[in-house]
Amino acid sequence: MDTVRKTDPELAELYWALMTMKDHHHKQALCAVANRIVNWIFSVLKRGKPFELRDREGNSITLCEAKAIILERYTVGKNIRAKRRFNRIERPSETGKIACAPGTGSHSH
């Protein structure tokens, strides 16, 4: 899923909007991208026509053009990625304690 959003401007735009405007985490945004892909697959099978990369205006584009559009318009900044990582619940530490969200307490193994 992650590769596809890096090669299709529509999916890149969806991912970018969810990450930058809706404060979604990477996996949340990828699930939305996956849902869109499933809908596309159904549409391609129903119409019987091959999938084509397109720009926002609906014009057919090459893979190189698509990647250039994504790089120019839909790159999620490192600061946003870092902020989303900072808000995640931490993984168990080496001490055997499980780090929990604030107010939920901490438990030992």
# chains A, B, ... in the order shown; residues from 1 in each chain; ligands from 1

$ residues_around --residues "region 4-17 of chain A" --least-positions-apart "4" --cutoff "12 Å" --atoms "only C-alpha atoms" --output "VMD selection string"
chain A and resid 21 to 37 40 51 to 77 80 to 81

$ atom_distance --atom1 "CA of Lys49 (chain A)" --atom2 "CA of Thr3 (chain A)"
22.4 Å
